[in-house]
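Visitor: See input_22.pdb below, with PDB, C-alpha atoms.
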```pdb
ATOM      1  CA  MET A  90      86.846 240.886  92.980
ATOM      2  CA  LEU A  91      87.295 237.758  95.068
ATOM      3  CA  PRO A  92      83.681 236.571  94.575
ATOM      4  CA  GLN A  93      84.091 236.960  90.801
ATOM      5  CA  LEU A  94      87.322 234.970  90.869
ATOM      6  CA  VAL A  95      85.665 232.244  92.874
ATOM      7  CA  GLU A  96      82.696 232.281  90.515
ATOM      8  CA  SER A  97      84.863 232.162  87.395
ATOM      9  CA  LEU A  98      86.876 229.284  88.816
ATOM     10  CA  ALA A  99      83.707 227.428  89.774
ATOM     11  CA  ARG A 100      82.085 227.700  86.341
ATOM     12  CA  PRO A 101      84.703 225.994  84.195
ATOM     13  CA  SER A 102      85.122 223.231  86.706
ATOM     14  CA  ALA A 103      81.429 222.373  86.681
ATOM     15  CA  PRO A 104      81.508 220.726  83.212
ATOM     16  CA  VAL A 105      84.822 219.112  84.103
ATOM     17  CA  ASP A 106      83.216 217.755  87.272
ATOM     18  CA  ARG A 107      80.406 216.303  85.182
ATOM     19  CA  ARG A 108      82.870 214.756  82.804
ATOM     20  CA  ASP A 109      84.913 213.520  85.736
ATOM     21  CA  GLY A 110      81.743 212.138  87.276
ATOM     22  CA  SER A 111      80.692 210.346  84.107
ATOM     23  CA  SER A 112      84.280 209.300  83.570
ATOM     24  CA  ALA A 113      84.399 207.971  87.111
ATOM     25  CA  GLU A 114      81.114 206.125  86.550
ATOM     26  CA  ARG A 115      82.396 204.774  83.257
ATOM     27  CA  ARG A 116      85.613 203.674  84.983
ATOM     28  CA  LYS A 117      83.573 202.008  87.762
ATOM     29  CA  GLU A 118      81.488 200.172  85.163
ATOM     30  CA  ILE A 119      84.627 199.063  83.329
ATOM     31  CA  ASN A 120      86.116 197.883  86.622
ATOM     32  CA  ARG A 121      82.913 196.001  87.503
ATOM     33  CA  ASN A 122      82.910 194.313  84.105
ATOM     34  CA  SER A 123      86.581 193.493  84.439
ATOM     35  CA  ALA A 124      86.032 192.066  87.931
ATOM     36  CA  ARG A 125      83.084 190.013  86.606
ATOM     37  CA  ARG A 126      85.244 188.619  83.782
ATOM     38  CA  ILE A 127      88.016 187.801  86.263
ATOM     39  CA  ARG A 128      85.545 186.005  88.550
ATOM     40  CA  LEU A 129      84.139 184.037  85.600
ATOM     41  CA  ARG A 130      87.649 183.148  84.462
ATOM     42  CA  ARG A 131      88.504 181.986  87.994
ATOM     43  CA  VAL A 132      85.369 179.837  88.086
ATOM     44  CA  GLU A 133      86.263 178.326  84.695
ATOM     45  CA  GLU A 134      89.866 177.749  85.783
ATOM     46  CA  THR A 135      88.657 176.167  89.027
ATOM     47  CA  GLU A 136      86.308 173.859  87.126
ATOM     48  CA  ASP A 137      89.099 172.987  84.700
ATOM     49  CA  LEU A 138      91.396 172.184  87.626
ATOM     50  CA  ARG A 139      88.666 170.030  89.213
ATOM     51  CA  ARG A 140      88.315 168.106  85.953
ATOM     52  CA  GLN A 141      92.093 167.671  85.802
ATOM     53  CA  VAL A 142      92.162 166.442  89.406
ATOM     54  CA  ALA A 143      89.405 163.920  88.652
ATOM     55  CA  ALA A 144      91.221 162.706  85.522
ATOM     56  CA  LEU A 145      94.517 162.430  87.387
ATOM     57  CA  ARG A 146      92.852 160.512  90.219
ATOM     58  CA  ARG A 147      91.366 158.064  87.711
ATOM     59  CA  GLU A 148      94.739 157.699  86.017
ATOM     60  CA  ASN A 149      96.439 157.254  89.395
ATOM     61  CA  GLY A 150      93.965 154.514  90.297
ATOM     62  CA  MET A 151      94.632 152.713  87.021
ATOM     63  CA  LEU A 152      98.388 153.043  87.485
ATOM     64  CA  LEU A 153      98.157 151.715  91.041
ATOM     65  CA  GLY A 154      96.204 148.715  89.766
ATOM     66  CA  TYR A 155      98.755 148.160  87.009
ATOM     67  CA  SER A 156     101.597 148.485  89.532
ATOM     68  CA  THR A 157      99.948 145.919  91.814
ATOM     69  CA  LYS A 158      99.510 143.550  88.879
ATOM     70  CA  LEU A 159     103.175 143.969  87.873
ATOM     71  CA  ARG A 160     104.345 143.324  91.446
ATOM     72  CA  GLN A 161     102.290 140.120  91.544
ATOM     73  CA  GLU A 162     103.728 139.019  88.192
ATOM     74  CA  LYS A 163     107.233 139.781  89.479
ATOM     75  CA  ARG A 164     106.650 137.628  92.574
ATOM     76  CA  GLU A 165     105.341 134.797  90.402
ATOM     77  CA  LEU A 166     108.349 135.081  88.075
ATOM     78  CA  GLU A 167     110.736 135.088  91.031
ATOM     79  CA  ILE A 168     109.095 131.902  92.349
ATOM     80  CA  CYS A 169     109.292 130.355  88.889
ATOM     81  CA  GLN A 170     112.945 131.398  88.593
ATOM     82  CA  ALA A 171     113.733 129.851  91.991
ATOM     83  CA  LEU A 172     111.998 126.602  90.979
ATOM     84  CA  LEU A 173     113.860 126.524  87.673
ATOM     85  CA  ALA A 174     117.174 127.247  89.420
ATOM     86  CA  ALA A 175     116.510 124.355  91.814
ATOM     87  CA  GLU A 176     115.583 122.116  88.878
ATOM     88  CA  ASN A 177     118.764 123.208  87.096
ATOM     89  CA  LEU A 178     120.876 122.305  90.148
ATOM     90  CA  ARG A 179     119.136 118.935  90.457
ATOM     91  CA  LEU A 180     119.646 118.151  86.766
ATOM     92  CA  SER A 181     123.250 119.377  86.858
ATOM     93  CA  ALA A 182     123.969 117.130  89.827
ATOM     94  CA  ARG A 183     122.265 114.205  88.090
ATOM     95  CA  LEU A 184     124.248 114.829  84.915
ATOM     96  CA  GLN A 185     127.451 115.069  86.924
ATOM     97  CA  ALA A 186     126.644 111.793  88.668
ATOM     98  CA  GLN A 187     125.825 110.038  85.392
ATOM     99  CA  THR A 188     128.964 111.402  83.759
ATOM    100  CA  SER A 189     131.073 110.221  86.675
ATOM    101  CA  GLN A 190     129.393 106.812  86.580
ATOM    102  CA  ALA A 191     129.947 106.533  82.822
ATOM    103  CA  LEU A 192     133.620 107.413  83.222
ATOM    104  CA  ARG A 193     134.007 104.782  85.946
ATOM    105  CA  SER A 194     132.272 102.190  83.807
ATOM    106  CA  GLU A 195     134.681 102.813  80.954
ATOM    107  CA  GLN A 196     137.694 102.144  83.140
TER     108      GLN A 196
END
```
Reformat the file's structure so that it appears as structure tokens.
Guide:
Amino acid sequence: MLPQLVESLARPSAPVDRRDGSSAERRKEINRNSARRIRLRRVEETEDLRRQVAALRRENGMLLGYSTKLRQEKRELEICQALLAAENLRLSARLQAQTSQALRSEQ
């Protein structure tokens, strides 16, 4: 009786094993394809990030150049402002002196 039970249990599982085997192979193939797509996506994302890095580096270089130019202009404007302030003081003093002299002349 035991050999028959073993034999009857073995028979139905044989087709299931084949289906499980083909199912397992199909699952492996799906996983391989999925892994391949993931690797390709990673490569594309990496390339996209490299392009972004290159673009940002170019932009950073331009901004640094612009910043340097603005700093130079600021220094020049500060020098100009200092010269104009000195000129203003000189002219104010001259005006004050002339006004004082004119007032003295009138007396």
Visitor: Suppose you want the space between CA of Glu114 (chain A) and CA of Glu133 (chain A); what is it in Å?
Guide: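 Here the two named atoms are 28.3 Å from each other.
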Visitor: Interatomic distance between CA of Gly154 (chain A) and CA of Arg140 (chain A)?
Guide: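 A separation of 21.3 Å between them.
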Visitor: What's the separation between CA of Leu180 (chain A) and CA of Glu165 (chain A), in Å to one decimal place?
Guide: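 About the pair CA of Leu180 (chain A) and CA of Glu165 (chain A): they are 22.2 Å apart.
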